[in-house]
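Novice: This structure is in structure tokens; I'll ask about it shortly.
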Amino acid sequence: MEFGWSTHEQAHRARVRQVLEQLLPPDWERISVHGPGSDRQTAYSREFCPALDSEGLLVPHWPRAFGGDDADVWQQFILGEEMWAAGEPRGPQYMNVNWIGPVLMRFGTPAQQQAYLPPIREGRAIWCQGFSEPSAGSDLAALRTRAVPVEGGYRVSGAKVWTSYAGHADTCFLLARVPAAEGGAEGKAGIVILLADMRSPGIQVKQIPALIGEGDIHEMFFDDVFVPADHRLGEEGQAWDIINYALQNERVGIARYEFSRRMLDRGVARLKALGRWIDPGVREKAGHALMLCEAARLLVYRIVDGKARGLPADAYGAIARWAVVLADNGVNDFLTEVLPEGLLGEDPVQQAHHQRAIAAGVASGAAEIQLNLIARRWLELPSERARP
Ligand SMILES: Cc1cc2nc3c(=O)[nH]c(=O)nc-3n(C[C@H](O)[C@H](O)[C@H](O)COP(=O)(O)OP(=O)(O)OC[C@H]3O[C@@H](n4cnc5c(N)ncnc54)[C@H](O)[C@@H]3O)c2cc1C
């Protein structure tokens, strides 16, 4: 068995690095400390993504029919690793190219594909993901935002919370429920996905001050917002399958451990410069943090390999996501202990990583849910409900 990278993959990685070197401005590190949804990073993503597109590296993994290059799963993944290692200069647009575009290709109508895919492919679309609500986060199926069927579409009312990128988004990938009293099915089958134009009358977006940076997360209020029927993605009963497909792409598509590793290497370089690297205790702790990053990498590679070979998703997905969170937290704990001055204003990059690592186990779904999945699917433990 060959565990190394092929010549072709090595060349692809070298090209991505070279393009990043060429495109990223000298003050990129200073821009990257702002959150991915901040004014600064969103504005930069609008410059960076079209430039990446002109190098053929924004959507190479998309099919040729939609303007991509039919690049394979590993090529897409290598691109993602290098973007994360560089601090994710695609900003909020990583989400569009990784999962919103592919979901539209699979489930959208030809008219939806024609309307939404070109702006994503050209790096000029900002989307937000309207899933979580005040009483529906981990338990997404409990969402209460109402989509009442009316002539020609739906009238939407409700509140969403923790929405990243909403302040700049053109379109919201919105989950809502057709109430049973209005003919909707019960439970998950009553959920619809609407591609809501964020300029529609009745949508109000409020920024939530957050640890991870200004302009990153929001509340959204929908007050009798009209969404035309042709903006519904898929059929009413199909939404849950579409969401599962989307989340599978979202959760293992992020090579976050690569950024943790970059932070660790940066911290070690600083410790060496300060003469603190000679301390064996510090080295041992660095070794532990490195081990967490590499374990996360290998577990994620296993998932990518399964995807590349067309295998069905298994319990390793949950293990990999948990490992990625442990790596981010492990590096953060190490840096906080050995370079505390970095958090006291000396190093804005370390400070930004510290803040994002705290949120890493909550954003994209609470990581503890993965432990339940590991217990059930991997350890075959009985669920709470199955206990006598
Ligand atoms: C930085 C950031 C960005 C985000 N961006 C978006 C976005 O763009 N769009 C969007 O829709 N949402 C977004 N979210 C929201 C995120 O998806 C939710 O916060 C997450 O799903 C958890 O939901 P909750 O906050 O309601 O917490 P809850 O579901 O109330 O969970 C709180 C805690 O309880 C525990 N818990 C809950 N249920 C279980 C269980 N079954 N088993 C074990 N433990 C459990 C976990 O420790 C969990 O962390 C974002 C969150 C963050 C932090």
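By order in the structure tokens, chains are A, B, ...; within a chain, residues start at 1; ligands start at 1, following the order shown.
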Please provide as JSON, numbers by chain all residues within 12 Å of Pro312 of chain A, with the sequence filter that same-chain residues fewer than 5 positions apart are discarded (counting only C-alpha atoms).

Specialist: {"A": [245, 248, 303, 304, 305, 306, 307, 317]}

Novice: So that I can see what lies close to Leu371 of chain A, please list as a PyMOL selection string the residues with an atom at most 10 Å from it, counting only C-alpha atoms and leaving out residues fewer than 3 positions away in the same chain.

Specialist: chain A and resi 318-319+321-322+366-368+374-378

Novice: As number ranges by chain, please: the residues near Ser132 of chain A (cut-off 12 Å, only C-alpha atoms, same-chain neighbours under 2 positions excluded).

Specialist: A: 128-130, 134-145, 158-164, 173-176, 217-220, 362-366

Novice: Once you have the residues from the selection above, write them out as a CSV table (one decimal), in the first residue's frame, restricted to N, CA, C and O atoms.

Specialist:
chain,number,residue,atom,x,y,z
A,128,CYS,N,-25.3,32.9,3.4
A,128,CYS,CA,-25.3,32.6,4.9
A,128,CYS,C,-26.2,31.3,5.0
A,128,CYS,O,-27.0,31.0,4.2
A,129,GLN,N,-26.0,30.7,6.2
A,129,GLN,CA,-26.7,29.4,6.5
A,129,GLN,C,-27.7,29.6,7.6
A,129,GLN,O,-27.3,29.8,8.8
A,130,GLY,N,-29.0,29.7,7.3
A,130,GLY,CA,-30.0,30.0,8.3
A,130,GLY,C,-30.6,28.7,8.9
A,130,GLY,O,-31.7,28.3,8.5
A,134,PRO,N,-33.2,30.1,18.3
A,134,PRO,CA,-33.0,30.1,19.8
A,134,PRO,C,-33.3,28.8,20.5
A,134,PRO,O,-32.6,28.4,21.4
A,135,SER,N,-34.3,28.0,19.9
A,135,SER,CA,-34.6,26.7,20.6
A,135,SER,C,-34.3,25.5,19.7
A,135,SER,O,-34.8,24.4,19.9
A,136,ALA,N,-33.4,25.7,18.7
A,136,ALA,CA,-33.1,24.6,17.8
A,136,ALA,C,-31.7,24.8,17.3
A,136,ALA,O,-31.4,25.5,16.3
A,137,GLY,N,-30.7,24.2,18.0
A,137,GLY,CA,-29.3,24.2,17.6
A,137,GLY,C,-28.9,22.8,17.3
A,137,GLY,O,-29.0,22.3,16.2
A,138,SER,N,-28.5,22.1,18.4
A,138,SER,CA,-28.1,20.7,18.2
A,138,SER,C,-29.4,19.9,17.7
A,138,SER,O,-29.2,19.0,16.9
A,139,ASP,N,-30.5,20.2,18.2
A,139,ASP,CA,-31.7,19.5,17.8
A,139,ASP,C,-32.4,20.4,16.7
A,139,ASP,O,-33.4,21.0,16.9
A,140,LEU,N,-31.8,20.3,15.5
A,140,LEU,CA,-32.2,21.1,14.4
A,140,LEU,C,-33.6,20.8,14.0
A,140,LEU,O,-34.4,21.7,13.5
A,141,ALA,N,-34.1,19.6,14.2
A,141,ALA,CA,-35.4,19.2,13.7
A,141,ALA,C,-36.5,20.0,14.5
A,141,ALA,O,-37.7,20.0,14.1
A,142,ALA,N,-36.1,20.6,15.6
A,142,ALA,CA,-37.1,21.3,16.4
A,142,ALA,C,-37.3,22.8,15.9
A,142,ALA,O,-38.0,23.6,16.5
A,143,LEU,N,-36.7,23.1,14.7
A,143,LEU,CA,-36.8,24.5,14.3
A,143,LEU,C,-38.3,24.9,14.1
A,143,LEU,O,-39.2,24.1,13.7
A,144,ARG,N,-38.5,26.2,14.3
A,144,ARG,CA,-39.9,26.7,14.4
A,144,ARG,C,-40.2,27.8,13.4
A,144,ARG,O,-41.3,28.2,13.3
A,145,THR,N,-39.2,28.3,12.7
A,145,THR,CA,-39.5,29.3,11.7
A,145,THR,C,-40.5,28.8,10.7
A,145,THR,O,-40.4,27.7,10.2
A,158,GLY,N,-40.1,34.2,11.6
A,158,GLY,CA,-39.4,33.5,12.6
A,158,GLY,C,-38.1,34.1,12.9
A,158,GLY,O,-37.8,35.2,12.3
A,159,ALA,N,-37.3,33.5,13.7
A,159,ALA,CA,-36.0,34.1,14.1
A,159,ALA,C,-34.9,33.0,14.0
A,159,ALA,O,-35.1,31.8,14.3
A,160,LYS,N,-33.7,33.4,13.5
A,160,LYS,CA,-32.6,32.6,13.4
A,160,LYS,C,-31.5,33.2,14.2
A,160,LYS,O,-31.5,34.4,14.4
A,161,VAL,N,-30.5,32.4,14.7
A,161,VAL,CA,-29.5,33.0,15.5
A,161,VAL,C,-28.1,32.3,15.2
A,161,VAL,O,-28.1,31.3,14.6
A,162,TRP,N,-27.1,33.0,15.6
A,162,TRP,CA,-25.7,32.6,15.4
A,162,TRP,C,-25.3,32.5,13.9
A,162,TRP,O,-24.5,31.8,13.5
A,163,THR,N,-26.0,33.3,13.0
A,163,THR,CA,-25.8,33.1,11.6
A,163,THR,C,-24.5,33.9,11.2
A,163,THR,O,-24.4,35.1,11.3
A,164,SER,N,-23.6,33.1,10.7
A,164,SER,CA,-22.3,33.7,10.2
A,164,SER,C,-22.6,34.4,8.8
A,164,SER,O,-23.4,33.9,8.1
A,173,PHE,N,-29.4,30.3,2.8
A,173,PHE,CA,-29.8,28.9,2.6
A,173,PHE,C,-30.7,28.6,3.9
A,173,PHE,O,-30.1,28.3,5.0
A,174,LEU,N,-32.0,28.8,3.8
A,174,LEU,CA,-32.8,28.9,4.9
A,174,LEU,C,-33.7,27.7,5.2
A,174,LEU,O,-34.3,27.2,4.3
A,175,LEU,N,-33.7,27.2,6.4
A,175,LEU,CA,-34.6,26.1,6.8
A,175,LEU,C,-35.8,26.7,7.5
A,175,LEU,O,-35.7,27.5,8.4
A,176,ALA,N,-37.0,26.2,7.1
A,176,ALA,CA,-38.2,26.6,7.7
A,176,ALA,C,-39.2,25.5,7.7
A,176,ALA,O,-38.9,24.4,7.1
A,217,ILE,N,-21.1,36.9,13.7
A,217,ILE,CA,-22.3,36.2,13.9
A,217,ILE,C,-23.5,37.2,14.1
A,217,ILE,O,-23.3,38.3,14.6
A,218,HIS,N,-24.7,36.7,13.8
A,218,HIS,CA,-25.9,37.5,13.8
A,218,HIS,C,-27.1,36.8,14.2
A,218,HIS,O,-27.2,35.6,14.2
A,219,GLU,N,-28.1,37.7,14.5
A,219,GLU,CA,-29.5,37.2,14.6
A,219,GLU,C,-30.2,37.6,13.3
A,219,GLU,O,-29.9,38.7,12.8
A,220,MET,N,-31.2,36.8,12.9
A,220,MET,CA,-31.9,37.2,11.7
A,220,MET,C,-33.4,37.1,12.0
A,220,MET,O,-33.8,36.1,12.6
A,362,VAL,N,-18.2,24.3,18.8
A,362,VAL,CA,-19.7,24.6,18.8
A,362,VAL,C,-20.1,24.9,17.4
A,362,VAL,O,-21.1,24.5,16.9
A,363,ALA,N,-19.3,25.7,16.7
A,363,ALA,CA,-19.6,26.1,15.3
A,363,ALA,C,-19.7,24.8,14.5
A,363,ALA,O,-19.0,23.8,14.8
A,364,SER,N,-20.5,24.8,13.4
A,364,SER,CA,-20.8,23.6,12.6
A,364,SER,C,-21.4,22.4,13.5
A,364,SER,O,-21.2,21.3,13.1
A,365,GLY,N,-22.0,22.8,14.6
A,365,GLY,CA,-22.7,21.7,15.4
A,365,GLY,C,-21.8,21.4,16.6
A,365,GLY,O,-20.6,21.2,16.4
A,366,ALA,N,-22.4,21.3,17.8
A,366,ALA,CA,-21.7,21.0,19.0
A,366,ALA,C,-21.0,19.6,18.8
A,366,ALA,O,-21.6,18.6,18.5

Novice: Taking the chain letters and numbering used in this document, name the residues of segment 47-171 of chain A that DSSP puts in helix (DSSP H, G or I), as a ChimeraX atom specification.

Specialist: /A:47-54,64-66,73-85,93-107,110-121,140-142

Novice: Rank A:Pro63, A:Pro348, A:Gly190, A:Gly56 by their smallest atom-to-atom distance to Glu29 of chain A, using only C-alpha atoms, and report the top residue only.

Specialist: A:Pro348
